[in-house]
Amino acid sequence: MAETMTTAIPDFTLPPRVDQVGIEERAARFTKRSIKKETKVNGLLLALNMIDLTTLEGKDSEGKVKQMCYKAMHLLDAYPGLPTVAAVCVYPSMVKTAKKAVEGSGIKVASVATGFPSGQVPRDVKIRDTKFAVAQGADEVDMVISRGKFLEGEYNYVFDEIATIKEACGDARLKVILETGELVTFDKVRKASDIAMHAGADFIKTSTGKVTPAATMPVTLVMLEAIRDFYYKTGKMIGMKPAGGISKAKLALHYLVMLNEILGEAWMNNHWFRFGASSLANDVLMQLMKEKTGVYQGKDYFSLD
Amino acid sequence: MARNNTLKLKFDSARKYAPAPESRSAAKIKDQYDLFINGKFEKPVSKKYFDTINPATEEKISRVAEANEADVDRAVKAARNAYENVWKKMPPKERGKYIFRIARMVQERARELAIVETLNGGKPIRESRDFDIPVVGNHFFYYAGWADKLEYAFPNRNAHPLGVAGQIIPWNFPLLMAAWKIAPALATGNTVVLKPAETTPLTALLLAEIIQECDLPPGVVNIITGAGATGAAIVNHPDINKIAFTGSTDVGKIIQRAIAGTNKKATLELGGKAANIIFDDAPIDQAVEGVINGIFFNQGHVCCAGSRLYVQESVYKEVVRKLKDRLETLIVGDPMDKNTDIGAINSKQQLDQINKYLKIGVKEGAEMYQSSVDLPKKGFFCRPTIFTNVAQSNRISQEEIFGPVLTIQTFRTDDEVIEKANNTPYGLSAGVWTDKGSKIFNMTTKLRAGVVWANTFNQFDPTSPFGGYKESGYGREGGLHGLTPYLNLTSIS
């Protein structure tokens with residue numbers, strides 16, 4: 001099908017068209033897939049390898065971050081041949097510590113920036129925040145959009161801000177957090193996704209994890225469809241990161257089914273898809289051990305970090 | 001930057017989930033089933049039986065009795081006797097209790113019923129488990145509630161039952177159609193002689209077991225199996241008061257002729273060739289999903305299937321590309337696998353019919369596109385198919401194919417699409433996809449179809465009436481409307 005591709009920026013004041021009922025029905029349909037045997041094991045291993053192991057708390061300390069980084073590299077040594085997680089995700093002040101801790105492991109260091117989680121700081125502070133994180137060694141930057149401005153209809157402001165941060169990132173990959181729980185409707189999520197991708201996002205991400213609801217399957221579906229349409233329009237692949245609220249292996253598998261059936265095989269790796277999660281890894285490990293040994297092990301057999 | 005777009009998403013792995021089969025042993029199927037007459041399973045006078053198979057494997061799974069005229073006569077006599085002496089006289093509240101009991105038993109044995117429905121009919125277990133059987137239960141529950149409230153349903157009228165209803169049902173939703181027929185008939189005080197389709201008799205016979213277990217008075221529901229001749233014997237039996245038929249328009253016409261000049265009432269739910277209309281302001285991804293559900297649900301063996309797609313020209317390319325992408329992710333195969341989206345075609349005869357139309361479509365110059373899915377070696381299967389470059393004058397866009405085959409045409413204006421959508425002998429259902437409420441209302445008032453879905457498709461609820469215009473039949477099933485065809489309403493003087 002010969003069509004022209006274009007990177008022309010669309011008119012963001014036009015309403016996008018997303019049907020809430022249809023999205024919810026479609027998202028529910030993925031949960032009907034029955035994932036068994038080798039498909040299940042492969043899916044669980046892939047899910048582990050897609051995790052951005054995260055700690056984003058006021059009480060984060062170097063000691064905490066170092067221990068989490070060790071966990072990122074050694075998820076469960078009792079299970080030989082496990083992959084590592086994709087990245088560790090920390091505040092800018094912890095990037096240096098994390099970078100050193102995961103050195104040589106291939107694990108990326110992602111840093112939140114731009115006045116995470118609310119984003120209510122002046123733009124020059126956001127730029128400095130970003131540059132600091134990158135200078136400290138962050139491979140990836142997770143920025144937040146200005147939801148207030150977005151809801152005011154200041155789409156150009158939001159667009160420019162993302163583009164500015166992208167520039168400040170240099171070689172670091174930029175994940176743009178939409179904070180879908182504050183945008184509320186699927187129409188707005190779709191519009192914010194389009195703005196972020198056109199402004200230079202390498203990834204679009206649902207949530208900070210500080211607002212409820214965080215990632216849901218329907219909202220992720222809306223964003224995956226936006227990524228697909230952007231790909232067809234421009235030829236550029238964009239990554240997806242649902243974050244917050246995905247703590248069970250089964251739910252992670254549902255997400256992977258959805259990814260597989262919306263964007264296809266090219267996206268089924270941690271270069272293009274991440275789970276932002278702190279407690280998902282242990283449930284996946286528990287399920288993997290169950291598949292291997294046939295019995296469930298107590299939760300204290302899995303390290304808490 | 002403008003360059004040629006040859007991008008394509010890859011979905012090969014999306015169809016390769018490890019097998020997740022539902023357990024066949026969770027359902028018991030007997031080697032042989034007799035006729036359910038007067039509360040008992042009885043050997044047929046005809047002494048004849050015929051095999052019933054699993055269309056996914058072509059293996060025989062049981063054999064069932066073939067009722068002849070004498071058997072039909074026995075069933076009608078049992079129904080008449082039960083009507084005159086028991087059912088008609090029973091307080092409505094008591095009738096309702098029996099129907100509630102059937103509903104609960106259907107729910108209790110839901111898993112077993114779903115398995116047998118899939119084994120005998122070829123539909124994916126996901127659909128029989130999540131759609132057919134739950135809706136069967138709902139239907140009995142809903143009409144059970146009406147049994148003692150007819151005076152409220154029809155104020156200032158006396159509602160009298162008609163007598164014995166002869167009911168003939170199709171193979172696409174075997175148990176669901178049995179529920180659609182039996183539930184309102186019983187609620188209104190009629191007794192029943194029901195014949196399931198020749199290729200899918202088993203769940204109706206399990207329902208007979210349930211009815212027996214419910215202690216429904218003997219003869220109130222009689223279930224007899226057989227082919228066209230058995231159906232004809234029911235239609236022509238002089239002591240039947242009402243015919244309820246769901247099936248092809250051809251047979252509907254035969255029935256219409258047969259009962260002309262008699263006192264028999266009838267409801268006919270026949271074929272369809274529904275238009276599904278996508279406007280350029282529609283939520284495209286959800287519309288595409290609706291089109292997929294509209295035509296590939298139950299292998300397209302749905303009388304209200306959205307088999308004619310009309311797309312506004314400005315979004316045509318986008319819609320076709322998205323349809324093709326979605327087609328690639330549909331899993332066709334073993335109906336018992338929980339991941340199967342499209343199961344087996346119900347019979348060899350139906351598969352031949354579909355393949356005949358595929359050939360006609362290609363010959364007519366339409367462009368055929370099928371998904372690249374591998375089909376099982378045995379059994380009756382058909383790849384999901386879409387035809388583009390179709391004209392209104394093509395046979396594939398005029399005649400009911402009753403399979404997973406979609407034709408796509410474009411349109412420019414609202415008036416044009418209304419004219420094209422109504423340009424069919426059928427009038428069962430239609431779908432409209434647009435973000436604009438006013439457009440929906442304009443369309444629904446002008447489309448000559450019994451059901452018009454807006455921004456959704458193939459939604460069924462016991463409370464909602466269903467039925468057609470023109471050659472799609474007459475009479476309504478479901479809801480309050482579904483009571484009237486089983487009643488003689490007189491004014492209170």
# chains A, B, ... in the order shown; residues from 1 in each chain; ligands from 1

$ residues_around --residues "Ile145 of chain A" --least-positions-apart "6" --cutoff "9 Å" --atoms "only C-alpha atoms" --output "ChimeraX atom specification"
/A:114,118-119,158,161-162,176-179,192,196

$ closest_atom_pairs --of "chain A" --to "chain B" --cutoff "9 Å" --atoms "only C-alpha atoms" --output "CSV"
residue,atom,partner,partner_atom,distance
A:Met1,CA,B:Thr6,CA,6.5
A:Ala2,CA,B:Asn5,CA,5.6
A:Glu3,CA,B:Asn5,CA,5.1
A:Thr4,CA,B:Asn4,CA,5.4
A:Met5,CA,B:Ala2,CA,5.2
A:Thr6,CA,B:Ala2,CA,5.4
A:Thr7,CA,B:Met1,CA,6.8
A:Ala8,CA,B:Met1,CA,8.5
A:Pro16,CA,B:Pro283,CA,8.2
A:Arg17,CA,B:Pro283,CA,4.7
A:Val18,CA,B:Pro283,CA,5.1
A:Asp19,CA,B:Pro283,CA,5.9
A:Gln20,CA,B:Gln286,CA,8.9
A:Val21,CA,B:Thr456,CA,8.7
A:Gly22,CA,B:Gln286,CA,5.3
A:Ile23,CA,B:Gln286,CA,6.7
A:Arg26,CA,B:Glu289,CA,7.6
A:Lys32,CA,B:Asn339,CA,7.5
A:Arg33,CA,B:Asn339,CA,5.3
A:Ser34,CA,B:Asn339,CA,6.1
A:Ile35,CA,B:Tyr17,CA,6.8
A:Lys36,CA,B:Ala18,CA,5.9
A:Lys37,CA,B:Ala18,CA,6.4
A:Glu38,CA,B:Ala18,CA,6.6
A:Thr39,CA,B:Ala18,CA,5.6
A:Lys40,CA,B:Ala18,CA,8.2
A:Glu225,CA,B:Asp285,CA,7.8
A:Arg228,CA,B:Leu9,CA,8.8
A:Tyr231,CA,B:Leu7,CA,8.3
A:Tyr232,CA,B:Leu7,CA,6.7
A:Lys233,CA,B:Asn5,CA,8.4
A:Thr234,CA,B:Asn5,CA,8.7
A:Gly235,CA,B:Leu7,CA,7.1
A:Val257,CA,B:Ala14,CA,7.6
A:Asn260,CA,B:Ala14,CA,5.7
A:Glu261,CA,B:Ala14,CA,5.7
A:Ile262,CA,B:Arg326,CA,8.1
A:Leu263,CA,B:Leu9,CA,6.5
A:Gly264,CA,B:Phe11,CA,4.9
A:Glu265,CA,B:Lys10,CA,5.7
A:Ala266,CA,B:Lys10,CA,7.1

$ closest_residue --among "A:Asp142, A:Asp124, A:Asp160, A:Asp11" --to "Ser207 of chain A" --atoms "only C-alpha atoms"
A:Asp142

$ residues_around --residues "segment 84-94 of chain A" --least-positions-apart "5" --cutoff "6 Å" --atoms "only C-alpha atoms" --output "PDB file with N, CA, C and O atoms, in the first residue's frame"
ATOM      1  N   LEU A  48      10.433  -9.990  32.995  1.00  0.00           N
ATOM      2  CA  LEU A  48      11.535  -9.639  33.908  1.00  0.00           C
ATOM      3  C   LEU A  48      12.516  -8.709  33.217  1.00  0.00           C
ATOM      4  O   LEU A  48      12.962  -7.713  33.777  1.00  0.00           O
ATOM      5  N   ASN A  49      12.830  -9.065  31.977  1.00  0.00           N
ATOM      6  CA  ASN A  49      13.832  -8.329  31.216  1.00  0.00           C
ATOM      7  C   ASN A  49      13.344  -6.946  30.782  1.00  0.00           C
ATOM      8  O   ASN A  49      14.103  -6.132  30.280  1.00  0.00           O
ATOM      9  N   MET A  50      12.042  -6.701  30.977  1.00  0.00           N
ATOM     10  CA  MET A  50      11.472  -5.408  30.579  1.00  0.00           C
ATOM     11  C   MET A  50      11.234  -4.483  31.771  1.00  0.00           C
ATOM     12  O   MET A  50      10.719  -3.375  31.612  1.00  0.00           O
ATOM     13  N   ILE A  51      11.600  -4.954  32.953  1.00  0.00           N
ATOM     14  CA  ILE A  51      11.276  -4.152  34.144  1.00  0.00           C
ATOM     15  C   ILE A  51      12.259  -2.997  34.327  1.00  0.00           C
ATOM     16  O   ILE A  51      13.465  -3.167  34.179  1.00  0.00           O
ATOM     17  N   ASP A  52      11.709  -1.820  34.613  1.00  0.00           N
ATOM     18  CA  ASP A  52      12.503  -0.728  35.162  1.00  0.00           C
ATOM     19  C   ASP A  52      12.315  -0.821  36.671  1.00  0.00           C
ATOM     20  O   ASP A  52      11.289  -0.398  37.209  1.00  0.00           O
ATOM     21  N   LEU A  53      13.286  -1.413  37.345  1.00  0.00           N
ATOM     22  CA  LEU A  53      13.172  -1.595  38.792  1.00  0.00           C
ATOM     23  C   LEU A  53      13.324  -0.224  39.446  1.00  0.00           C
ATOM     24  O   LEU A  53      14.293   0.482  39.200  1.00  0.00           O
ATOM     25  N   THR A  54      12.343   0.117  40.241  1.00  0.00           N
ATOM     26  CA  THR A  54      12.188   1.524  40.593  1.00  0.00           C
ATOM     27  C   THR A  54      12.189   1.764  42.088  1.00  0.00           C
ATOM     28  O   THR A  54      11.561   1.014  42.845  1.00  0.00           O
ATOM     29  N   THR A  55      12.897   2.810  42.518  1.00  0.00           N
ATOM     30  CA  THR A  55      12.650   3.355  43.859  1.00  0.00           C
ATOM     31  C   THR A  55      12.612   4.871  43.751  1.00  0.00           C
ATOM     32  O   THR A  55      13.552   5.495  43.284  1.00  0.00           O
ATOM     33  N   LEU A  56      11.497   5.449  44.112  1.00  0.00           N
ATOM     34  CA  LEU A  56      11.301   6.900  43.999  1.00  0.00           C
ATOM     35  C   LEU A  56      10.637   7.405  45.266  1.00  0.00           C
ATOM     36  O   LEU A  56       9.438   7.655  45.324  1.00  0.00           O
ATOM     37  N   ALA A  72      18.743  -5.907  40.913  1.00  0.00           N
ATOM     38  CA  ALA A  72      18.513  -5.773  39.472  1.00  0.00           C
ATOM     39  C   ALA A  72      19.404  -6.718  38.677  1.00  0.00           C
ATOM     40  O   ALA A  72      19.012  -7.260  37.649  1.00  0.00           O
ATOM     41  N   MET A  73      20.610  -6.944  39.192  1.00  0.00           N
ATOM     42  CA  MET A  73      21.565  -7.798  38.486  1.00  0.00           C
ATOM     43  C   MET A  73      21.418  -9.267  38.853  1.00  0.00           C
ATOM     44  O   MET A  73      21.765 -10.150  38.087  1.00  0.00           O
ATOM     45  N   ILE A 107      22.767  -3.083  32.458  1.00  0.00           N
ATOM     46  CA  ILE A 107      21.515  -2.478  32.939  1.00  0.00           C
ATOM     47  C   ILE A 107      21.604  -0.966  32.796  1.00  0.00           C
ATOM     48  O   ILE A 107      22.613  -0.346  33.131  1.00  0.00           O
ATOM     49  N   LYS A 108      20.542  -0.376  32.279  1.00  0.00           N
ATOM     50  CA  LYS A 108      20.506   1.067  32.083  1.00  0.00           C
ATOM     51  C   LYS A 108      20.109   1.773  33.383  1.00  0.00           C
ATOM     52  O   LYS A 108      19.419   1.185  34.229  1.00  0.00           O
ATOM     53  N   VAL A 109      20.553   3.006  33.488  1.00  0.00           N
ATOM     54  CA  VAL A 109      20.095   3.813  34.618  1.00  0.00           C
ATOM     55  C   VAL A 109      19.136   4.877  34.075  1.00  0.00           C
ATOM     56  O   VAL A 109      19.499   5.658  33.203  1.00  0.00           O
ATOM     57  N   ALA A 110      17.927   4.831  34.604  1.00  0.00           N
ATOM     58  CA  ALA A 110      16.940   5.839  34.222  1.00  0.00           C
ATOM     59  C   ALA A 110      16.742   6.782  35.391  1.00  0.00           C
ATOM     60  O   ALA A 110      16.757   6.359  36.551  1.00  0.00           O
ATOM     61  N   SER A 111      16.591   8.064  35.073  1.00  0.00           N
ATOM     62  CA  SER A 111      16.359   9.030  36.138  1.00  0.00           C
ATOM     63  C   SER A 111      15.087   9.813  35.845  1.00  0.00           C
ATOM     64  O   SER A 111      14.862  10.241  34.714  1.00  0.00           O
ATOM     65  N   VAL A 112      14.243   9.956  36.865  1.00  0.00           N
ATOM     66  CA  VAL A 112      13.130  10.888  36.695  1.00  0.00           C
ATOM     67  C   VAL A 112      13.710  12.284  36.753  1.00  0.00           C
ATOM     68  O   VAL A 112      14.772  12.503  37.339  1.00  0.00           O
ATOM     69  N   ALA A 133      20.907  15.111  35.711  1.00  0.00           N
ATOM     70  CA  ALA A 133      20.733  13.654  35.661  1.00  0.00           C
ATOM     71  C   ALA A 133      21.603  13.040  34.565  1.00  0.00           C
ATOM     72  O   ALA A 133      22.274  12.026  34.766  1.00  0.00           O
TER      73      ALA A 133
END

$ atom_distance --atom1 "atom CA of Lys248 of chain A" --atom2 "atom CA of Gln67 of chain A"
22.1 Å

$ select_by_dssp --residues "segment 195-237 of chain B" --states "helix (DSSP H, G or I)" --output "list in words"
Leu202, Thr203, Ala204, Leu205, Leu206, Leu207, Ala208, Glu209, Ile210, Ile211, Gln212, Glu213, Gly228, Ala229, Thr230, Gly231, Ala232, Ala233, Ile234, Val235 and Asn236 of chain B

$ select_by_dssp --residues "segment 42-176 of chain A" --states "strand (DSSP E)" --output "count of residues only"
22

$ atom_distance --atom1 "atom CA of Ile168 of chain B" --atom2 "atom CA of Thr225 of chain B"
10.1 Å

$ closest_residue --among "B:Gly450, B:Pro335, B:Pro462, B:Gly166" --to "Asn241 of chain B" --atoms "only C-alpha atoms"
B:Gly166

$ residues_around --residues "segment 362-366 of chain B" --least-positions-apart "5" --cutoff "12 Å" --atoms "only C-alpha atoms" --output "list in words"
Asn355, Lys356, Tyr357, Thr385, Ile386, Phe387, Thr388, Asn389, Val390, Ala391, Gln392, Ser393, Asn394, Arg395, Ile396, Ser397, Leu406, Thr407, Ile408 and Gln409 of chain B

$ decode --residues "segment 6-23 of chain A" --atoms "N, CA, C and O atoms" --output "JSON list (two decimals), in the first residue's frame"
[["chain", "number", "residue", "atom", "x", "y", "z"],
["A", 6, "THR", "N", 4.89, 11.24, 6.56],
["A", 6, "THR", "CA", 5.17, 12.64, 6.85],
["A", 6, "THR", "C", 5.41, 12.82, 8.34],
["A", 6, "THR", "O", 4.86, 12.09, 9.16],
["A", 7, "THR", "N", 6.27, 13.78, 8.67],
["A", 7, "THR", "CA", 6.46, 14.11, 10.08],
["A", 7, "THR", "C", 5.76, 15.43, 10.40],
["A", 7, "THR", "O", 5.98, 16.02, 11.44],
["A", 8, "ALA", "N", 4.92, 15.90, 9.48],
["A", 8, "ALA", "CA", 4.19, 17.15, 9.71],
["A", 8, "ALA", "C", 3.42, 17.08, 11.02],
["A", 8, "ALA", "O", 2.84, 16.06, 11.35],
["A", 9, "ILE", "N", 3.46, 18.18, 11.75],
["A", 9, "ILE", "CA", 2.80, 18.20, 13.07],
["A", 9, "ILE", "C", 1.31, 18.48, 12.89],
["A", 9, "ILE", "O", 0.92, 19.43, 12.23],
["A", 10, "PRO", "N", 0.46, 17.62, 13.45],
["A", 10, "PRO", "CA", -0.98, 17.81, 13.28],
["A", 10, "PRO", "C", -1.50, 18.97, 14.14],
["A", 10, "PRO", "O", -0.79, 19.48, 14.99],
["A", 11, "ASP", "N", -2.73, 19.35, 13.91],
["A", 11, "ASP", "CA", -3.38, 20.40, 14.70],
["A", 11, "ASP", "C", -3.92, 19.77, 15.99],
["A", 11, "ASP", "O", -4.91, 19.04, 15.98],
["A", 12, "PHE", "N", -3.25, 20.06, 17.10],
["A", 12, "PHE", "CA", -3.63, 19.40, 18.35],
["A", 12, "PHE", "C", -4.92, 19.95, 18.96],
["A", 12, "PHE", "O", -5.42, 19.41, 19.94],
["A", 13, "THR", "N", -5.44, 21.05, 18.38],
["A", 13, "THR", "CA", -6.71, 21.54, 18.93],
["A", 13, "THR", "C", -7.88, 20.69, 18.46],
["A", 13, "THR", "O", -8.97, 20.75, 19.01],
["A", 14, "LEU", "N", -7.66, 19.88, 17.41],
["A", 14, "LEU", "CA", -8.74, 19.02, 16.93],
["A", 14, "LEU", "C", -8.98, 17.89, 17.92],
["A", 14, "LEU", "O", -8.03, 17.33, 18.47],
["A", 15, "PRO", "N", -10.25, 17.54, 18.14],
["A", 15, "PRO", "CA", -10.50, 16.47, 19.11],
["A", 15, "PRO", "C", -10.10, 15.10, 18.54],
["A", 15, "PRO", "O", -10.44, 14.80, 17.41],
["A", 16, "PRO", "N", -9.36, 14.30, 19.31],
["A", 16, "PRO", "CA", -9.12, 12.92, 18.86],
["A", 16, "PRO", "C", -10.39, 12.11, 19.08],
["A", 16, "PRO", "O", -11.29, 12.57, 19.79],
["A", 17, "ARG", "N", -10.47, 10.96, 18.45],
["A", 17, "ARG", "CA", -11.69, 10.16, 18.59],
["A", 17, "ARG", "C", -11.36, 8.78, 19.15],
["A", 17, "ARG", "O", -10.81, 7.94, 18.47],
["A", 18, "VAL", "N", -11.68, 8.63, 20.40],
["A", 18, "VAL", "CA", -11.47, 7.35, 21.06],
["A", 18, "VAL", "C", -12.77, 7.00, 21.76],
["A", 18, "VAL", "O", -13.32, 7.82, 22.48],
["A", 19, "ASP", "N", -13.25, 5.80, 21.54],
["A", 19, "ASP", "CA", -14.51, 5.40, 22.17],
["A", 19, "ASP", "C", -14.21, 4.60, 23.43],
["A", 19, "ASP", "O", -13.60, 3.53, 23.38],
["A", 20, "GLN", "N", -14.65, 5.14, 24.56],
["A", 20, "GLN", "CA", -14.30, 4.54, 25.85],
["A", 20, "GLN", "C", -14.77, 3.10, 25.98],
["A", 20, "GLN", "O", -14.02, 2.21, 26.39],
["A", 21, "VAL", "N", -16.04, 2.87, 25.60],
["A", 21, "VAL", "CA", -16.60, 1.52, 25.75],
["A", 21, "VAL", "C", -15.82, 0.53, 24.88],
["A", 21, "VAL", "O", -15.47, -0.57, 25.32],
["A", 22, "GLY", "N", -15.53, 0.96, 23.66],
["A", 22, "GLY", "CA", -14.80, 0.08, 22.73],
["A", 22, "GLY", "C", -13.41, -0.24, 23.24],
["A", 22, "GLY", "O", -12.94, -1.38, 23.14],
["A", 23, "ILE", "N", -12.72, 0.77, 23.78],
["A", 23, "ILE", "CA", -11.37, 0.55, 24.32],
["A", 23, "ILE", "C", -11.42, -0.44, 25.48],
["A", 23, "ILE", "O", -10.63, -1.38, 25.56]]
